[in-house]
>>> print(open('upload-v5.csv').read())   # CSV, C-alpha atoms
chain,number,residue,atom,x,y,z
A,1,MET,CA,0.0,0.0,0.0
A,2,THR,CA,2.8,2.5,0.9
A,3,ASP,CA,4.9,1.4,-2.1
A,4,GLY,CA,7.7,0.4,0.2
A,5,LEU,CA,8.1,3.9,1.6
A,6,PRO,CA,8.2,4.3,5.4
A,7,ALA,CA,4.8,5.3,6.8
A,8,ARG,CA,4.2,2.9,9.7
A,9,PRO,CA,4.7,5.5,12.4
A,10,LEU,CA,2.2,7.9,10.7
A,11,ILE,CA,-0.4,5.2,10.2
A,12,ALA,CA,0.0,4.1,13.8
A,13,ALA,CA,-0.4,7.7,15.1
A,14,GLY,CA,-3.5,8.2,12.9
A,15,LEU,CA,-5.2,5.0,14.0
A,16,VAL,CA,-4.6,5.7,17.7
A,17,LEU,CA,-5.7,9.3,17.3
A,18,GLY,CA,-8.8,8.1,15.5
A,19,ILE,CA,-9.7,5.7,18.4
A,20,GLY,CA,-9.3,8.5,20.9
A,21,LEU,CA,-11.1,11.2,19.0
A,22,GLY,CA,-13.8,8.6,17.9
A,23,GLY,CA,-14.4,7.9,21.6
A,24,PHE,CA,-14.7,11.6,22.3
A,25,ILE,CA,-17.3,12.0,19.4
A,26,ASP,CA,-19.3,9.1,20.9
A,27,GLY,CA,-19.1,10.6,24.4
A,28,ILE,CA,-19.8,14.2,23.5
A,29,VAL,CA,-22.4,13.7,20.8
A,30,LEU,CA,-24.3,10.6,21.9
A,31,HIS,CA,-23.9,10.8,25.7
A,32,GLN,CA,-23.9,14.6,26.3
A,33,ILE,CA,-25.5,16.6,23.5
A,34,LEU,CA,-28.2,14.2,22.3
A,35,GLN,CA,-28.3,12.3,25.6
A,36,TRP,CA,-29.4,9.1,23.8
A,37,HIS,CA,-27.4,6.9,26.3
A,38,ASN,CA,-24.8,6.9,29.0
A,39,MET,CA,-22.1,4.3,29.7
A,40,LEU,CA,-24.3,2.0,31.9
A,41,SER,CA,-27.7,3.3,31.1
A,42,SER,CA,-29.1,-0.1,30.2
A,43,ILE,CA,-28.1,-1.5,33.6
A,44,VAL,CA,-28.9,1.6,35.7
A,45,PRO,CA,-31.3,3.8,33.7
A,46,PRO,CA,-30.8,7.5,34.6
A,47,THR,CA,-34.3,8.1,35.8
A,48,ASP,CA,-33.4,10.0,38.9
A,49,LEU,CA,-30.6,12.3,39.9
A,50,VAL,CA,-28.6,9.7,41.8
A,51,ASP,CA,-28.7,7.2,38.9
A,52,MET,CA,-27.9,10.0,36.5
A,53,LYS,CA,-24.8,10.9,38.5
A,54,TYR,CA,-23.9,7.2,38.7
A,55,ASN,CA,-23.8,7.1,34.9
A,56,MET,CA,-22.0,10.4,34.9
A,57,VAL,CA,-19.1,8.8,36.9
A,58,TRP,CA,-18.8,6.0,34.3
A,59,ASP,CA,-19.0,8.5,31.4
A,60,GLY,CA,-16.1,10.3,33.2
A,61,VAL,CA,-14.1,7.1,33.3
A,62,PHE,CA,-14.8,6.6,29.6
A,63,HIS,CA,-13.7,10.2,28.8
A,64,ALA,CA,-10.6,9.8,30.9
A,65,LEU,CA,-9.6,6.8,28.7
A,66,THR,CA,-10.4,8.6,25.5
A,67,TRP,CA,-8.2,11.5,26.7
A,68,THR,CA,-5.4,9.1,27.5
A,69,VAL,CA,-5.5,7.4,24.1
A,70,THR,CA,-5.7,10.8,22.3
A,71,LEU,CA,-2.6,12.0,24.3
A,72,VAL,CA,-0.7,8.8,23.3
A,73,GLY,CA,-1.8,9.4,19.6
A,74,ILE,CA,-0.4,13.0,19.8
A,75,ALA,CA,2.9,11.7,21.2
A,76,MET,CA,3.1,9.1,18.4
A,77,LEU,CA,2.4,11.8,15.8
A,78,PHE,CA,5.2,13.9,17.1
A,79,ARG,CA,7.6,10.9,16.9
A,80,ALA,CA,6.3,10.0,13.4
A,81,ARG,CA,7.4,13.5,12.3
A,82,ARG,CA,11.0,12.5,13.0
A,83,ALA,CA,10.7,8.8,11.9
A,84,ASP,CA,9.3,9.3,8.4
A,85,ARG,CA,11.6,11.3,6.1
A,86,ILE,CA,8.9,11.7,3.5
A,87,THR,CA,6.3,14.5,3.4
A,88,TRP,CA,3.1,12.5,2.9
A,89,PRO,CA,-0.1,14.2,1.9
A,90,ALA,CA,-2.5,14.9,4.8
A,91,ALA,CA,-4.8,12.0,3.6
A,92,VAL,CA,-2.1,9.6,4.9
A,93,LEU,CA,-2.9,10.9,8.4
A,94,TYR,CA,-6.6,11.6,8.0
A,95,GLY,CA,-7.4,8.2,6.4
A,96,PRO,CA,-6.0,6.1,9.4
A,97,MET,CA,-7.8,8.6,11.8
A,98,VAL,CA,-11.2,7.9,10.1
A,99,ALA,CA,-10.4,4.2,10.1
A,100,GLY,CA,-9.4,4.3,13.8
A,101,TRP,CA,-12.7,6.0,14.6
A,102,GLY,CA,-14.5,3.2,12.7
A,103,LEU,CA,-12.5,0.5,14.4
A,104,PHE,CA,-13.4,1.9,17.8
A,105,ASP,CA,-17.1,2.1,16.9
A,106,LEU,CA,-17.0,-1.5,15.6
A,107,ILE,CA,-15.4,-2.9,18.7
A,108,GLU,CA,-17.3,-0.8,21.2
A,109,GLY,CA,-20.5,-1.6,19.4
A,110,LEU,CA,-19.8,-5.3,19.4
A,111,ILE,CA,-18.7,-5.5,23.1
A,112,ASP,CA,-20.8,-2.9,24.9
A,113,HIS,CA,-24.0,-2.9,22.8
A,114,GLN,CA,-24.2,-6.5,21.6
A,115,LEU,CA,-22.2,-8.7,24.0
A,116,LEU,CA,-22.5,-6.9,27.4
A,117,GLY,CA,-25.6,-4.8,26.6
A,118,ILE,CA,-24.5,-2.1,29.1
A,119,HIS,CA,-26.0,0.5,26.8
A,120,HIS,CA,-27.6,0.8,23.3
A,121,VAL,CA,-27.2,3.6,20.8
A,122,HIS,CA,-30.8,4.7,21.0
A,123,PRO,CA,-32.7,2.7,23.6
A,124,GLY,CA,-36.3,1.8,22.8
A,125,ALA,CA,-38.4,-0.5,20.6
A,126,GLU,CA,-36.0,-0.1,17.7
A,127,GLN,CA,-32.7,-0.3,19.6
A,128,LEU,CA,-31.4,-3.3,17.6
A,129,ALA,CA,-31.8,-1.4,14.3
A,130,TRP,CA,-29.9,1.6,15.8
A,131,ASP,CA,-27.2,-0.7,17.1
A,132,LEU,CA,-26.8,-2.5,13.7
A,133,GLY,CA,-26.9,0.8,11.9
A,134,PHE,CA,-24.1,2.1,14.2
A,135,LEU,CA,-22.0,-1.0,13.5
A,136,LEU,CA,-22.6,-0.7,9.7
A,137,ILE,CA,-22.2,3.0,9.2
A,138,GLY,CA,-20.1,4.1,12.2
A,139,GLY,CA,-18.0,0.9,12.2
A,140,VAL,CA,-17.6,-0.8,8.8
A,141,GLY,CA,-18.4,2.3,6.8
A,142,LEU,CA,-15.8,4.5,8.5
A,143,VAL,CA,-13.1,1.8,8.3
A,144,ALA,CA,-13.8,1.5,4.6
A,145,LEU,CA,-13.8,5.3,4.1
A,146,GLY,CA,-10.6,5.7,6.1
A,147,TYR,CA,-8.9,2.9,4.1
A,148,ALA,CA,-9.9,4.5,0.8
A,149,ILE,CA,-8.7,8.0,1.9
A,150,ALA,CA,-5.4,6.5,3.1
A,151,ARG,CA,-4.9,4.5,-0.1
A,152,ALA,CA,-5.4,7.6,-2.2
A,153,GLY,CA,-3.0,9.5,0.0
A,154,PHE,CA,-0.3,6.8,-0.3
A,155,ALA,CA,-0.7,6.7,-4.1
A,156,ARG,CA,-0.3,10.5,-4.3
A,157,GLY,CA,2.6,10.5,-1.9
A,158,ALA,CA,4.4,7.7,-3.7
A,159,ALA,CA,4.0,9.4,-7.1
A,160,ARG,CA,5.3,12.7,-5.7
A,161,HIS,CA,8.2,10.9,-4.1
A,162,ARG,CA,9.1,9.2,-7.4
A,163,ALA,CA,8.9,12.5,-9.4
B,1,MET,CA,-28.0,30.9,50.7
B,2,ILE,CA,-26.3,29.3,47.7
B,3,SER,CA,-24.2,26.3,48.9
B,4,SER,CA,-20.8,25.8,47.4
B,5,CYS,CA,-21.9,22.2,46.9
B,6,PRO,CA,-25.6,22.3,46.1
B,7,ASP,CA,-25.9,18.6,45.5
B,8,CYS,CA,-23.3,16.9,47.7
B,9,ALA,CA,-25.6,14.2,49.1
B,10,THR,CA,-26.7,13.0,45.6
B,11,ALA,CA,-23.1,13.0,44.4
B,12,ARG,CA,-22.0,11.0,47.4
B,13,ALA,CA,-24.9,8.6,46.9
B,14,ALA,CA,-23.9,8.1,43.3
B,15,ARG,CA,-20.3,7.5,44.1
B,16,HIS,CA,-21.2,5.1,46.8
B,17,LEU,CA,-23.4,3.2,44.3
B,18,VAL,CA,-20.5,3.1,41.8
B,19,PHE,CA,-17.8,1.8,44.2
B,20,ALA,CA,-20.1,-0.5,46.4
B,21,ASP,CA,-21.5,-2.2,43.3
B,22,ASP,CA,-20.7,-5.9,43.2
B,23,ALA,CA,-20.2,-5.6,39.4
B,24,PHE,CA,-17.7,-2.7,39.8
B,25,TRP,CA,-14.8,-4.5,38.1
B,26,ILE,CA,-17.0,-5.9,35.4
B,27,HIS,CA,-18.0,-2.3,34.6
B,28,VAL,CA,-14.4,-1.2,34.6
B,29,TRP,CA,-13.6,-3.9,32.1
B,30,SER,CA,-16.6,-3.0,29.9
B,31,VAL,CA,-15.2,0.5,29.6
B,32,VAL,CA,-11.5,-0.6,29.2
B,33,LEU,CA,-12.0,-3.6,26.9
B,34,PRO,CA,-13.1,-1.7,23.7
B,35,PHE,CA,-10.0,0.5,23.9
B,36,MET,CA,-7.7,-2.5,24.6
B,37,ILE,CA,-9.0,-4.6,21.8
B,38,SER,CA,-9.0,-1.6,19.3
B,39,LEU,CA,-5.3,-0.9,20.2
B,40,LEU,CA,-4.5,-4.6,19.8
B,41,LEU,CA,-6.1,-4.5,16.4
B,42,VAL,CA,-4.0,-1.5,15.5
B,43,ARG,CA,-0.9,-3.6,16.2
B,44,ALA,CA,-2.2,-6.4,14.0
B,45,ILE,CA,-3.0,-3.9,11.2
B,46,LEU,CA,0.5,-2.3,11.4
B,47,ARG,CA,2.1,-5.8,11.2
B,48,ARG,CA,0.0,-6.5,8.1
B,49,VAL,CA,1.0,-3.2,6.5
B,50,GLU,CA,4.6,-3.8,7.2
B,51,ARG,CA,4.5,-7.3,5.8
B,52,ALA,CA,2.7,-6.2,2.7
B,53,ASP,CA,5.3,-3.4,2.1
B,54,ARG,CA,8.4,-5.5,2.8
B,55,PRO,CA,10.3,-6.0,-0.5
B,56,ARG,CA,9.9,-9.6,-1.6
B,57,GLU,CA,13.0,-11.8,-1.3
B,58,ARG,CA,14.4,-13.0,-4.6
B,59,THR,CA,13.9,-16.7,-5.3
B,60,PRO,CA,16.0,-18.9,-7.6
B,61,HIS,CA,13.2,-18.6,-10.1
B,62,ASP,CA,13.6,-14.8,-10.3
>>> encode(input="upload-v5.csv", output="structure tokens")
Amino acid sequence: MTDGLPARPLIAAGLVLGIGLGGFIDGIVLHQILQWHNMLSSIVPPTDLVDMKYNMVWDGVFHALTWTVTLVGIAMLFRARRADRITWPAAVLYGPMVAGWGLFDLIEGLIDHQLLGIHHVHPGAEQLAWDLGFLLIGGVGLVALGYAIARAGFARGAARHRA
Amino acid sequence: MISSCPDCATARAARHLVFADDAFWIHVWSVVLPFMISLLLVRAILRRVERADRPRERTPHD
């Protein structure tokens, strides 16, 4: 894919950043702005203030982890700057970031929504449809999109390097 | 008077619920596991990328 040119550190940084930022998008948009679910809302539904705060603590643990992963991604990106002696197009970073976001959605959806059932994307009568839609669009779709963006970036970068 | 901690009792009750919960460690794992598995998959993806981009060794047929 990279045409034999060194890009591993940049791909790694992009994927890890995507996992962290993808977690933030989930937490900020679905937990806080839309308030569709919280971390343990299918086990302890936030129907009163104590249960709401209970979920808030676990949302905090989730955000602390997304923050840590994002920080690791930033450190990896800084190191990648020195490791790769090629100026890649931005797509080589953004592609893996989108794929990392999708990867996290896919794993989180499979474990938390399907296996453990600690929360669902949009609880209610049609929660399975929402969960499957999340896996398909937010998971598989973003991984495929990220892969396509990265591939195009590598092709452009390799052509530029050969010229 | 406005208290500096208007809802201390509820927050204390919620924290007590979190830490006294028998399933506390299961909940910790349910938050941690998606990150751990995603990062393990990143490692696997990177190994694959590296293998795919490694120049092929010449064989006697080349």
>>> residues_around(input="upload-v5.csv", residues="Ala14 of chain B", least_positions_apart="2", cutoff="10 Å", atoms="only C-alpha atoms", output="ChimeraX atom specification")
/A:49-57 /B:8-12,16-20
>>> write_last_selection(input="upload-v5.csv", atoms="C-alpha atoms", output="PDB file, keeping the file's coordinate frame")
ATOM      1  CA  LEU A  49     -30.600  12.300  39.900  1.00  0.00           C
ATOM      2  CA  VAL A  50     -28.600   9.700  41.800  1.00  0.00           C
ATOM      3  CA  ASP A  51     -28.700   7.200  38.900  1.00  0.00           C
ATOM      4  CA  MET A  52     -27.900  10.000  36.500  1.00  0.00           C
ATOM      5  CA  LYS A  53     -24.800  10.900  38.500  1.00  0.00           C
ATOM      6  CA  TYR A  54     -23.900   7.200  38.700  1.00  0.00           C
ATOM      7  CA  ASN A  55     -23.800   7.100  34.900  1.00  0.00           C
ATOM      8  CA  MET A  56     -22.000  10.400  34.900  1.00  0.00           C
ATOM      9  CA  VAL A  57     -19.100   8.800  36.900  1.00  0.00           C
TER      10      VAL A  57
ATOM     11  CA  CYS B   8     -23.300  16.900  47.700  1.00  0.00           C
ATOM     12  CA  ALA B   9     -25.600  14.200  49.100  1.00  0.00           C
ATOM     13  CA  THR B  10     -26.700  13.000  45.600  1.00  0.00           C
ATOM     14  CA  ALA B  11     -23.100  13.000  44.400  1.00  0.00           C
ATOM     15  CA  ARG B  12     -22.000  11.000  47.400  1.00  0.00           C
ATOM     16  CA  HIS B  16     -21.200   5.100  46.800  1.00  0.00           C
ATOM     17  CA  LEU B  17     -23.400   3.200  44.300  1.00  0.00           C
ATOM     18  CA  VAL B  18     -20.500   3.100  41.800  1.00  0.00           C
ATOM     19  CA  PHE B  19     -17.800   1.800  44.200  1.00  0.00           C
ATOM     20  CA  ALA B  20     -20.100  -0.500  46.400  1.00  0.00           C
TER      21      ALA B  20
END
>>> atom_distance(input="upload-v5.csv", atom1="atom CA of Ala152 of chain A", atom2="atom CA of Met97 of chain A")
14.2 Å
>>> interface_residues(input="upload-v5.csv", of="chain A", to="chain B", cutoff="9 Å", atoms="only C-alpha atoms", output="ChimeraX atom specification")
/A:1-6,8-9,11-12,15-16,19-20,23,39-40,49-58,61-62,65-66,69,100,103-112,116,118
>>> residues_around(input="upload-v5.csv", residues="Ala91 of chain A", least_positions_apart="2", cutoff="7 Å", atoms="all atoms listed in the file", output="number ranges by chain")
A: 89, 93-95, 149-150, 153
>>> write_last_selection(input="upload-v5.csv", atoms="C-alpha atoms", output="PDB file, in the coordinates of the input")
ATOM      1  CA  PRO A  89      -0.100  14.200   1.900  1.00  0.00           C
ATOM      2  CA  LEU A  93      -2.900  10.900   8.400  1.00  0.00           C
ATOM      3  CA  TYR A  94      -6.600  11.600   8.000  1.00  0.00           C
ATOM      4  CA  GLY A  95      -7.400   8.200   6.400  1.00  0.00           C
ATOM      5  CA  ILE A 149      -8.700   8.000   1.900  1.00  0.00           C
ATOM      6  CA  ALA A 150      -5.400   6.500   3.100  1.00  0.00           C
ATOM      7  CA  GLY A 153      -3.000   9.500   0.000  1.00  0.00           C
TER       8      GLY A 153
END
>>> atom_distance(input="upload-v5.csv", atom1="atom CA of Arg156 of chain A", atom2="atom CA of Leu10 of chain A")
15.4 Å
>>> atom_distance(input="upload-v5.csv", atom1="atom CA of Gly141 of chain A", atom2="atom CA of Leu128 of chain A")
17.8 Å
>>> residues_around(input="upload-v5.csv", residues="Val143 of chain A", least_positions_apart="2", cutoff="6 Å", atoms="all atoms listed in the file", output="PyMOL selection string")
chain A and resi 99+102+140-141+145-146
>>> write_last_selection(input="upload-v5.csv", atoms="C-alpha atoms", output="CSV table (one decimal), in the coordinates of the input")
chain,number,residue,atom,x,y,z
A,99,ALA,CA,-10.4,4.2,10.1
A,102,GLY,CA,-14.5,3.2,12.7
A,140,VAL,CA,-17.6,-0.8,8.8
A,141,GLY,CA,-18.4,2.3,6.8
A,145,LEU,CA,-13.8,5.3,4.1
A,146,GLY,CA,-10.6,5.7,6.1
>>> residues_near_point(input="upload-v5.csv", point="(-31.1, -1.7, 34.3)", cutoff="12 Å", atoms="only C-alpha atoms", output="MDAnalysis selection string")
chainID A and resid 38:47 51 55 117:120 123
>>> residues_around(input="upload-v5.csv", residues="Val121 of chain A", least_positions_apart="6", cutoff="7 Å", atoms="only C-alpha atoms", output="PDB file with C-alpha atoms, keeping the file's coordinate frame")
ATOM      1  CA  TRP A  36     -29.400   9.100  23.800  1.00  0.00           C
ATOM      2  CA  HIS A  37     -27.400   6.900  26.300  1.00  0.00           C
ATOM      3  CA  GLN A 127     -32.700  -0.300  19.600  1.00  0.00           C
ATOM      4  CA  TRP A 130     -29.900   1.600  15.800  1.00  0.00           C
ATOM      5  CA  ASP A 131     -27.200  -0.700  17.100  1.00  0.00           C
TER       6      ASP A 131
END
